[in-house]
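A.B. asks: Enclosed is the structure file work.cif (mmCIF, C-alpha atoms).
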```cif
data_target
#
loop_
_atom_site.group_PDB
_atom_site.id
_atom_site.type_symbol
_atom_site.label_atom_id
_atom_site.label_comp_id
_atom_site.auth_asym_id
_atom_site.auth_seq_id
_atom_site.Cartn_x
_atom_site.Cartn_y
_atom_site.Cartn_z
ATOM 1 C CA MET A 821 -20.273 160.878 97.595
ATOM 2 C CA LYS A 822 -22.202 161.423 100.821
ATOM 3 C CA TYR A 823 -18.953 162.098 102.659
ATOM 4 C CA ASN A 824 -17.841 164.712 100.111
ATOM 5 C CA LYS A 825 -21.194 166.481 100.202
ATOM 6 C CA LEU A 826 -20.927 166.894 103.944
ATOM 7 C CA ILE A 827 -17.448 168.364 103.571
ATOM 8 C CA VAL A 828 -18.828 170.825 101.030
ATOM 9 C CA ALA A 829 -21.689 171.677 103.381
ATOM 10 C CA LEU A 830 -19.281 172.340 106.234
ATOM 11 C CA LEU A 831 -17.158 174.474 103.964
ATOM 12 C CA ALA A 832 -20.208 176.403 102.798
ATOM 13 C CA THR A 833 -21.123 177.099 106.423
ATOM 14 C CA SER A 834 -17.720 178.635 107.056
ATOM 15 C CA VAL A 835 -18.056 180.850 103.981
ATOM 16 C CA LEU A 836 -21.477 182.126 104.945
ATOM 17 C CA THR A 837 -20.285 182.860 108.467
ATOM 18 C CA ALA A 838 -17.395 184.919 107.155
ATOM 19 C CA CYS A 839 -19.259 186.660 104.348
ATOM 20 C CA GLY A 840 -22.793 187.199 105.662
ATOM 21 C CA THR A 841 -25.985 185.707 104.257
ATOM 22 C CA LYS A 842 -26.345 184.555 100.694
ATOM 23 C CA GLU A 843 -29.026 187.173 100.005
ATOM 24 C CA GLU A 844 -26.753 190.012 101.143
ATOM 25 C CA ALA A 845 -23.915 188.754 98.925
ATOM 26 C CA VAL A 846 -26.182 188.673 95.866
ATOM 27 C CA GLU A 847 -27.206 192.320 96.389
ATOM 28 C CA GLU A 848 -23.657 193.582 96.779
ATOM 29 C CA GLN A 849 -21.532 191.532 94.374
ATOM 30 C CA PRO A 850 -21.573 190.216 90.800
ATOM 31 C CA VAL A 851 -22.062 186.462 90.435
ATOM 32 C CA GLU A 852 -18.420 185.971 89.467
ATOM 33 C CA GLN A 853 -17.219 187.593 92.690
ATOM 34 C CA GLN A 854 -19.706 185.594 94.775
ATOM 35 C CA GLU A 855 -18.404 182.306 93.371
ATOM 36 C CA GLU A 856 -14.797 183.341 93.932
ATOM 37 C CA GLN A 857 -15.527 184.305 97.536
ATOM 38 C CA GLN A 858 -17.429 181.103 98.232
ATOM 39 C CA THR A 859 -14.524 178.956 97.005
ATOM 40 C CA ILE A 860 -11.801 178.727 99.628
ATOM 41 C CA ASN A 861 -8.607 177.148 98.364
ATOM 42 C CA VAL A 862 -7.368 174.595 100.900
ATOM 43 C CA SER A 863 -5.218 172.562 98.505
ATOM 44 C CA ALA A 864 -1.906 173.516 100.142
ATOM 45 C CA GLU A 865 -3.182 172.515 103.570
ATOM 46 C CA ALA A 866 -4.548 169.225 102.241
ATOM 47 C CA GLU A 867 -1.233 168.493 100.550
ATOM 48 C CA SER A 868 0.617 169.230 103.792
ATOM 49 C CA PHE A 869 -1.587 166.791 105.684
ATOM 50 C CA LYS A 870 -1.115 164.193 102.952
ATOM 51 C CA GLN A 871 2.627 164.512 103.455
ATOM 52 C CA PHE A 872 2.099 163.846 107.170
ATOM 53 C CA THR A 873 0.317 160.598 106.324
ATOM 54 C CA LYS A 874 2.933 159.597 103.747
ATOM 55 C CA GLU A 875 5.655 159.820 106.376
ATOM 56 C CA GLN A 876 4.076 156.990 108.366
ATOM 57 C CA MET A 877 3.430 154.635 105.451
ATOM 58 C CA ALA A 878 6.723 152.711 105.588
ATOM 59 C CA ASP A 879 6.086 151.813 109.236
ATOM 60 C CA PHE A 880 2.426 151.111 108.453
ATOM 61 C CA VAL A 881 3.414 148.592 105.793
ATOM 62 C CA ALA A 882 6.106 146.975 107.958
ATOM 63 C CA ASP A 883 3.811 146.539 110.964
ATOM 64 C CA THR A 884 0.979 145.219 108.789
ATOM 65 C CA GLU A 885 3.388 142.632 107.402
ATOM 66 C CA LEU A 886 4.356 141.679 110.953
ATOM 67 C CA LEU A 887 0.680 141.345 111.838
ATOM 68 C CA ALA A 888 0.254 139.037 108.839
ATOM 69 C CA LYS A 889 3.206 136.983 110.005
ATOM 70 C CA TYR A 890 1.605 136.444 113.417
ATOM 71 C CA VAL A 891 -1.735 135.501 111.869
ATOM 72 C CA ASN A 892 -0.163 133.101 109.387
ATOM 73 C CA GLU A 893 1.842 131.455 112.176
ATOM 74 C CA GLY A 894 -1.261 131.034 114.334
ATOM 75 C CA ASN A 895 0.107 133.419 116.976
ATOM 76 C CA VAL A 896 -3.256 134.825 118.062
ATOM 77 C CA GLU A 897 -1.936 136.510 121.215
ATOM 78 C CA GLY A 898 0.810 138.315 119.307
ATOM 79 C CA ALA A 899 -1.652 139.394 116.630
ATOM 80 C CA GLN A 900 -4.128 140.643 119.237
ATOM 81 C CA LYS A 901 -1.478 142.841 120.862
ATOM 82 C CA LEU A 902 -0.246 144.261 117.566
ATOM 83 C CA PHE A 903 -3.651 144.775 115.947
ATOM 84 C CA PRO A 904 -4.682 148.037 117.706
ATOM 85 C CA LEU A 905 -1.244 149.561 117.104
ATOM 86 C CA VAL A 906 -1.471 148.839 113.382
ATOM 87 C CA THR A 907 -4.946 150.357 113.178
ATOM 88 C CA MET A 908 -3.580 153.611 114.654
ATOM 89 C CA TYR A 909 -1.762 154.336 111.409
ATOM 90 C CA TYR A 910 -5.042 154.190 109.557
ATOM 91 C CA GLU A 911 -6.917 156.240 112.143
ATOM 92 C CA ARG A 912 -4.481 159.112 111.516
ATOM 93 C CA MET A 913 -5.426 158.980 107.842
ATOM 94 C CA GLN A 914 -9.177 159.309 108.336
ATOM 95 C CA PRO A 915 -9.457 162.914 107.062
ATOM 96 C CA LEU A 916 -8.187 161.691 103.682
ATOM 97 C CA THR A 917 -10.227 158.518 103.238
ATOM 98 C CA ALA A 918 -12.845 160.235 101.060
ATOM 99 C CA ASN A 919 -10.122 160.536 98.441
ATOM 100 C CA PHE A 920 -9.607 156.774 98.161
ATOM 101 C CA GLY A 921 -13.061 155.377 98.811
ATOM 102 C CA GLU A 922 -12.584 151.980 97.163
ATOM 103 C CA LEU A 923 -9.401 151.233 99.086
ATOM 104 C CA ASP A 924 -10.964 152.571 102.269
ATOM 105 C CA GLN A 925 -13.778 150.064 101.895
ATOM 106 C CA ALA A 926 -11.285 147.252 101.374
ATOM 107 C CA ILE A 927 -9.107 148.242 104.330
ATOM 108 C CA ASN A 928 -11.661 149.457 106.838
ATOM 109 C CA GLY A 929 -15.116 148.634 105.535
ATOM 110 C CA ALA A 930 -17.896 147.401 107.788
ATOM 111 C CA VAL A 931 -18.665 143.690 107.873
ATOM 112 C CA GLU A 932 -22.224 143.039 106.722
ATOM 113 C CA GLU A 933 -24.176 140.372 108.557
ATOM 114 C CA GLY A 934 -24.454 137.286 106.398
ATOM 115 C CA LYS A 935 -21.614 138.434 104.151
ATOM 116 C CA GLU A 936 -18.736 137.859 106.529
ATOM 117 C CA GLU A 937 -16.885 135.574 104.140
ATOM 118 C CA GLU A 938 -16.816 138.325 101.527
ATOM 119 C CA ALA A 939 -15.422 140.963 103.884
ATOM 120 C CA THR A 940 -11.810 142.127 103.975
ATOM 121 C CA GLY A 941 -9.723 144.483 106.065
ATOM 122 C CA PHE A 942 -9.347 145.345 109.721
ATOM 123 C CA ASN A 943 -12.933 144.767 110.779
ATOM 124 C CA ARG A 944 -13.108 141.271 109.332
ATOM 125 C CA LEU A 945 -9.729 140.386 110.854
ATOM 126 C CA ALA A 946 -10.928 141.687 114.233
ATOM 127 C CA GLN A 947 -13.791 139.197 114.159
ATOM 128 C CA GLY A 948 -11.311 136.366 113.851
ATOM 129 C CA LEU A 949 -8.799 137.577 116.420
ATOM 130 C CA PHE A 950 -11.164 138.913 119.092
ATOM 131 C CA THR A 951 -14.572 137.285 118.582
ATOM 132 C CA LEU A 952 -13.521 133.829 117.411
ATOM 133 C CA LYS A 953 -10.040 134.139 118.998
ATOM 134 C CA ASN A 954 -8.749 132.165 116.065
ATOM 135 C CA SER A 955 -6.422 132.992 113.174
ATOM 136 C CA SER A 956 -7.267 129.878 111.175
ATOM 137 C CA GLY A 957 -8.767 130.828 107.850
ATOM 138 C CA PHE A 958 -7.894 134.502 108.256
ATOM 139 C CA ASP A 959 -4.576 134.236 106.454
ATOM 140 C CA VAL A 960 -6.305 135.253 103.228
ATOM 141 C CA VAL A 961 -7.834 138.291 104.933
ATOM 142 C CA VAL A 962 -4.577 139.545 106.427
ATOM 143 C CA ASP A 963 -2.569 138.868 103.249
ATOM 144 C CA GLN A 964 -5.089 140.945 101.297
ATOM 145 C CA LEU A 965 -4.782 143.661 103.941
ATOM 146 C CA VAL A 966 -1.030 143.804 103.346
ATOM 147 C CA THR A 967 -1.622 144.108 99.604
ATOM 148 C CA ASP A 968 -4.171 146.895 100.071
ATOM 149 C CA VAL A 969 -1.948 148.874 102.454
ATOM 150 C CA LYS A 970 0.945 148.620 99.986
ATOM 151 C CA THR A 971 -1.366 149.804 97.210
ATOM 152 C CA LEU A 972 -2.382 152.759 99.358
ATOM 153 C CA GLU A 973 1.275 153.646 99.919
ATOM 154 C CA GLN A 974 1.812 153.767 96.161
ATOM 155 C CA GLU A 975 -1.384 155.684 95.376
ATOM 156 C CA LEU A 976 -0.736 158.377 97.976
ATOM 157 C CA ASN A 977 2.033 159.805 95.809
ATOM 158 C CA SER A 978 -0.369 160.796 93.029
ATOM 159 C CA LEU A 979 -3.544 161.198 95.091
ATOM 160 C CA ASP A 980 -5.349 164.461 94.309
ATOM 161 C CA VAL A 981 -6.533 165.944 97.610
ATOM 162 C CA SER A 982 -6.860 169.540 96.394
ATOM 163 C CA GLN A 983 -10.631 169.644 96.931
ATOM 164 C CA ASN A 984 -10.532 168.124 100.414
ATOM 165 C CA ASN A 985 -10.931 170.586 103.262
ATOM 166 C CA VAL A 986 -9.191 168.298 105.744
ATOM 167 C CA LEU A 987 -10.221 170.595 108.603
ATOM 168 C CA ALA A 988 -13.887 169.939 107.839
ATOM 169 C CA SER A 989 -13.055 166.274 107.262
ATOM 170 C CA ALA A 990 -11.565 166.106 110.763
ATOM 171 C CA VAL A 991 -14.813 167.472 112.184
ATOM 172 C CA LEU A 992 -16.704 164.657 110.481
ATOM 173 C CA MET A 993 -14.113 162.116 111.665
ATOM 174 C CA LEU A 994 -14.657 163.074 115.307
ATOM 175 C CA GLU A 995 -18.428 163.123 114.890
ATOM 176 C CA GLN A 996 -18.241 159.527 113.710
ATOM 177 C CA THR A 997 -15.943 158.689 116.615
ATOM 178 C CA THR A 998 -18.453 159.971 119.179
ATOM 179 C CA GLN A 999 -20.983 157.574 117.638
ATOM 180 C CA ARG A 1000 -18.420 154.788 117.733
ATOM 181 C CA LEU A 1001 -17.772 155.355 121.443
ATOM 182 C CA ALA A 1002 -21.422 154.607 122.162
ATOM 183 C CA LYS A 1003 -21.113 151.102 120.724
ATOM 184 C CA THR A 1004 -18.995 148.009 121.210
ATOM 185 C CA SER A 1005 -16.523 146.505 118.773
ATOM 186 C CA PRO A 1006 -14.712 143.152 118.632
ATOM 187 C CA ALA A 1007 -11.260 144.654 119.260
ATOM 188 C CA ASN A 1008 -12.385 147.282 121.806
ATOM 189 C CA ASN A 1009 -9.526 149.463 120.573
ATOM 190 C CA GLU A 1010 -11.399 152.754 120.779
ATOM 191 C CA VAL A 1011 -8.841 154.461 123.043
ATOM 192 C CA TYR A 1012 -6.115 153.702 120.507
ATOM 193 C CA ALA A 1013 -8.320 155.204 117.799
ATOM 194 C CA VAL A 1014 -8.961 158.379 119.791
ATOM 195 C CA LYS A 1015 -5.242 158.776 120.505
ATOM 196 C CA ALA A 1016 -4.292 158.403 116.841
ATOM 197 C CA GLN A 1017 -7.067 160.661 115.587
ATOM 198 C CA ASN A 1018 -6.099 163.359 118.069
ATOM 199 C CA GLU A 1019 -2.551 163.247 116.693
ATOM 200 C CA ALA A 1020 -4.018 163.908 113.240
ATOM 201 C CA VAL A 1021 -6.154 166.705 114.685
ATOM 202 C CA GLN A 1022 -3.148 168.400 116.278
ATOM 203 C CA LYS A 1023 -1.337 168.280 112.953
ATOM 204 C CA ILE A 1024 -4.346 169.813 111.200
ATOM 205 C CA ILE A 1025 -4.651 172.568 113.795
ATOM 206 C CA GLY A 1026 -1.045 173.542 113.128
ATOM 207 C CA ILE A 1027 -1.562 173.487 109.377
ATOM 208 C CA PHE A 1028 -4.628 175.755 109.509
ATOM 209 C CA THR A 1029 -3.627 178.136 112.318
ATOM 210 C CA SER A 1030 -2.695 180.941 109.933
ATOM 211 C CA ARG A 1031 -5.963 180.553 107.998
ATOM 212 C CA VAL A 1032 -8.408 180.975 110.900
ATOM 213 C CA GLU A 1033 -9.152 183.375 113.739
ATOM 214 C CA PRO A 1034 -6.356 183.051 116.338
ATOM 215 C CA GLU A 1035 -8.761 182.525 119.227
ATOM 216 C CA THR A 1036 -10.374 179.516 117.537
ATOM 217 C CA ALA A 1037 -6.983 177.873 116.929
ATOM 218 C CA LYS A 1038 -6.010 178.546 120.553
ATOM 219 C CA THR A 1039 -9.213 176.938 121.822
ATOM 220 C CA ALA A 1040 -8.788 173.905 119.560
ATOM 221 C CA THR A 1041 -5.186 173.467 120.750
ATOM 222 C CA GLU A 1042 -6.323 173.575 124.384
ATOM 223 C CA LYS A 1043 -9.154 171.084 123.832
ATOM 224 C CA ALA A 1044 -6.840 168.687 121.976
ATOM 225 C CA ALA A 1045 -4.385 168.889 124.897
ATOM 226 C CA ILE A 1046 -7.184 168.038 127.326
ATOM 227 C CA LEU A 1047 -8.119 165.044 125.197
ATOM 228 C CA ASP A 1048 -4.476 163.954 125.228
ATOM 229 C CA GLU A 1049 -4.528 164.054 129.025
ATOM 230 C CA ALA A 1050 -7.744 162.041 129.132
ATOM 231 C CA VAL A 1051 -6.238 159.342 126.917
ATOM 232 C CA ALA A 1052 -2.939 159.325 128.849
ATOM 233 C CA TYR A 1053 -4.854 158.391 131.989
ATOM 234 C CA TYR A 1054 -5.672 155.030 130.373
ATOM 235 C CA GLU A 1055 -2.148 154.266 129.209
ATOM 236 C CA VAL A 1056 -0.934 151.014 130.780
ATOM 237 C CA GLY A 1057 2.366 150.669 128.952
ATOM 238 C CA LYS A 1058 4.241 152.166 126.051
ATOM 239 C CA GLU A 1059 1.604 152.636 123.352
ATOM 240 C CA ASP A 1060 -0.739 150.331 125.235
ATOM 241 C CA TYR A 1061 -4.140 151.418 126.514
ATOM 242 C CA VAL A 1062 -6.980 150.035 128.607
ATOM 243 C CA ASN A 1063 -9.402 147.832 126.697
ATOM 244 C CA TYR A 1064 -12.524 149.911 126.052
ATOM 245 C CA SER A 1065 -14.763 147.095 127.271
ATOM 246 C CA PHE A 1066 -13.511 147.832 130.804
ATOM 247 C CA PHE A 1067 -14.765 151.417 130.767
ATOM 248 C CA THR A 1068 -17.648 152.363 133.040
ATOM 249 C CA ASN A 1069 -20.522 154.363 131.599
ATOM 250 C CA LYS A 1070 -19.174 157.456 133.335
ATOM 251 C CA GLN A 1071 -15.729 156.967 131.820
ATOM 252 C CA LYS A 1072 -17.264 156.531 128.370
ATOM 253 C CA GLU A 1073 -19.238 159.737 128.826
ATOM 254 C CA GLU A 1074 -16.146 161.649 129.918
ATOM 255 C CA LEU A 1075 -14.093 160.451 126.956
ATOM 256 C CA THR A 1076 -16.952 161.176 124.561
ATOM 257 C CA LYS A 1077 -17.274 164.712 125.941
ATOM 258 C CA ALA A 1078 -13.543 165.324 125.500
ATOM 259 C CA VAL A 1079 -13.780 164.182 121.863
ATOM 260 C CA THR A 1080 -16.901 166.298 121.317
ATOM 261 C CA ASP A 1081 -15.167 169.366 122.717
ATOM 262 C CA VAL A 1082 -12.338 168.956 120.214
ATOM 263 C CA LYS A 1083 -14.856 168.442 117.398
ATOM 264 C CA ASP A 1084 -16.718 171.620 118.329
ATOM 265 C CA ALA A 1085 -13.469 173.573 118.536
ATOM 266 C CA LEU A 1086 -12.466 172.368 115.063
ATOM 267 C CA GLN A 1087 -15.875 173.404 113.760
ATOM 268 C CA GLN A 1088 -15.288 176.899 115.143
ATOM 269 C CA MET A 1089 -11.960 176.975 113.326
ATOM 270 C CA ASN A 1090 -13.657 175.914 110.121
ATOM 271 C CA ASP A 1091 -16.307 178.593 110.556
ATOM 272 C CA THR A 1092 -13.592 181.275 110.478
ATOM 273 C CA LEU A 1093 -11.592 179.757 107.635
ATOM 274 C CA LYS A 1094 -10.408 182.417 105.201
#
```
Here is a file; write its structure as C-alpha cells.
C.D. replies:
Amino acid sequence: MKYNKLIVALLATSVLTACGTKEEAVEEQPVEQQEEQQTINVSAEAESFKQFTKEQMADFVADTELLAKYVNEGNVEGAQKLFPLVTMYYERMQPLTANFGELDQAINGAVEEGKEEEATGFNRLAQGLFTLKNSSGFDVVVDQLVTDVKTLEQELNSLDVSQNNVLASAVLMLEQTTQRLAKTSPANNEVYAVKAQNEAVQKIIGIFTSRVEPETAKTATEKAAILDEAVAYYEVGKEDYVNYSFFTNKQKEELTKAVTDVKDALQQMNDTLK
C-alpha cells in the first residue's frame, strides 16, 4: 500500500503542475470537473508496458529453470554466472511489482536477519551462492523460485494494471536503485540491475512520449542514453559486467549520478503528463 500511495502522490504532483494550485481549481470549476481533471487515465500505457514484460517471460522461465538445474547439480560456478542474468528479467518488471505484491515478496523479498530459513527468492539464493558459496540446501529455494516465476507468467495475462502510472513507478524504481548503489549486496550485481532497469525506462519513455511535453521526453531519452554509455564502459563480455564490489567510490558516485539524472528526467516527464 505504501508503494501505491507514492505513485498516487507523484501523479497528483503532475496534475497540480499542469492545472495550477488546488485552491485555484476549486474557484473556477465544479467538483465533478475537478475530479475528472485530476484523474489521468494511464491504463493504455500500463497495458503496453505489461505487454513488454510478458514478451520476456518465456525466456525468464527457461533461464530460471536452468539456474535451478545448476543449483540442484551443485554447480556453484555455473549458477553464480547465470544468477545476475536471470535477475535482469525481474529488474525490467520493477514498475509493475506493486500489482503483484505477494509474488514480489516471494520472488524478490528482503531476507530478514534471524529468519533466513524462512526466506525465498533471489535474495535468499544469493546468500547461498555468493556468501556461503554453496548450493547445498538451496535446492528448495531455487525450486520454489521456478514455481513462483511460472505463477507470475500465468498471472500476468489477467493482471489489472489500469491504475498503475508506470512512469511514476519508474521514478520510484530509480530512487530505490540510487539507495541500493550506496550499499553492498551478496551478488554485487548492481550494474546488471541498472542495465535492465534502463531498458525498462527506455520502453516507458517511448510509451509516454505523446502524453508529455516534447522537451521532457527528449531530455529523458538523452539521459537514458548517457546511462547506457556509463554501463557499457563496465561490460567485460556479452551481457557480462564488472562486479560492483570492484567499483571505487568515485565510480559509484558517477554511476549513481547517471541514474539520478534519468530519475529526475522521468519526474519532469511525469510532471507534464496530460
A.B. asks: Env of A:Met913: 12 Å cut, atoms = all atoms listed in the file, seq-sep filter 2 positions within chain, self excluded. Answer as a ChimeraX atom specification.
C.D. replies: /A:866,869-877,880,907-911,915-920,924,927-928,969,972-973,976,986,989-990,993,1013,1016-1021,1023-1024
A.B. asks: Point out the residue among A:Leu1075, A:Ile1025, A:Ile1046, A:Leu945 with the least atom-to-atom distance to A:Arg1000, counting all atoms listed in the file.
C.D. replies: A:Leu1075
A.B. asks: Would you kindly translate the PyMOL selection byres ((chain A and resi 947) around 12) into the concrete residues it picks from this file, as number ranges by chain?
C.D. replies: A: 900, 903, 930-933, 936-937, 939-946, 948-958, 961, 1005-1008
A.B. asks: Kindly give the distance, in Å, that separates atom CA of A:Ala1050 and atom CA of A:Thr997, rounded to a single decimal.
C.D. replies: 15.3 Å
A.B. asks: Between atom CA of A:Asp1060 and atom CA of A:Ala899, what is the distance, to one decimal in Å?
C.D. replies: 13.9 Å
A.B. asks: Select all residues near (-16.8, 173.3, 112.5) (cut-off 10 Å, inclusive, file coordinates), counting only C-alpha atoms, and output them as a list of chain:residue names.
C.D. replies: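 Protein, DNA and RNA residues close to (-16.8, 173.3, 112.5): A:Leu830, A:Leu831, A:Thr833, A:Ser834, A:Leu987, A:Ala988, A:Ser989, A:Ala990, A:Val991, A:Leu992, A:Val1082, A:Lys1083, A:Asp1084, A:Ala1085, A:Leu1086, A:Gln1087, A:Gln1088, A:Met1089, A:Asn1090, A:Asp1091, A:Thr1092, A:Leu1093.
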A.B. asks: Nearest to A:Glu922: which of A:Lys1077, A:Asp968, A:Tyr1012, A:Val891 is it, counting only C-alpha atoms?
C.D. replies: A:Asp968
A.B. asks: Looking at A:Glu1035, A:Glu867, A:Glu1010, A:Gly1026, which one is nearest to A:Ser978, with distances taken over all atoms listed in the file?
C.D. replies: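 Closest residue, counting all atoms listed in the file: A:Glu867.
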A.B. asks: Decode the PyMOL selection byres ((chain A and resi 1062-1068) around 8) for the given file into explicit residues and return them as a PDB file with C-alpha atoms, in the coordinates of the input.
C.D. replies:
```pdb
ATOM      1  CA  THR A1004     -18.995 148.009 121.210  1.00  0.00           C
ATOM      2  CA  ASN A1008     -12.385 147.282 121.806  1.00  0.00           C
ATOM      3  CA  ASN A1009      -9.526 149.463 120.573  1.00  0.00           C
ATOM      4  CA  GLU A1010     -11.399 152.754 120.779  1.00  0.00           C
ATOM      5  CA  VAL A1011      -8.841 154.461 123.043  1.00  0.00           C
ATOM      6  CA  TYR A1054      -5.672 155.030 130.373  1.00  0.00           C
ATOM      7  CA  GLU A1055      -2.148 154.266 129.209  1.00  0.00           C
ATOM      8  CA  VAL A1056      -0.934 151.014 130.780  1.00  0.00           C
ATOM      9  CA  ASP A1060      -0.739 150.331 125.235  1.00  0.00           C
ATOM     10  CA  TYR A1061      -4.140 151.418 126.514  1.00  0.00           C
ATOM     11  CA  ASN A1069     -20.522 154.363 131.599  1.00  0.00           C
ATOM     12  CA  LYS A1070     -19.174 157.456 133.335  1.00  0.00           C
ATOM     13  CA  GLN A1071     -15.729 156.967 131.820  1.00  0.00           C
ATOM     14  CA  LYS A1072     -17.264 156.531 128.370  1.00  0.00           C
TER      15      LYS A1072
END
```
A.B. asks: Identify, on the basis of only C-alpha atoms, every residue whose closest approach to A:Val862 does not exceed 9 Å; exclude the query and any residue fewer than 2 positions from it along the same chain; express the result as a list in words.
C.D. replies: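 The neighbour list is Ile860, Ala864, Glu865, Ala866, Glu867, Ser982, Gln983, Asn984, Asn985 and Val986 of chain A.
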A.B. asks: Using Å and a single decimal, report how far atom CA of A:Val906 sits from atom CA of A:Thr1029.
C.D. replies: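 Computing it gives 29.4 Å between the two atoms.
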A.B. asks: Residues within 10 Å of A:Lys970, please, as a list in words. Count all atoms listed in the file; anything in the same chain fewer than 6 positions from it doesn't count.
C.D. replies: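 Using all atoms listed in the file, the neighbours found are Met877, Ala878, Phe880, Val881, Ala882, Thr884, Glu885 and Gln964 of chain A.
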A.B. asks: Please work out which residues fall within 9 Å of (-19.0, 160.5, 119.9), coordinates as given in the file, with only C-alpha atoms counting, and return them as number ranges by chain.
C.D. replies: A: 994-1002, 1073, 1075-1077, 1079-1080
A.B. asks: From the options A:Ala1078, A:Glu1033, A:Leu902, A:Val896, which residue's atoms come nearest to A:Asp883, counting all atoms listed in the file?
C.D. replies: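 Going through A:Ala1078, A:Glu1033, A:Leu902, A:Val896 one by one, the smallest distance to A:Asp883 is for A:Leu902.
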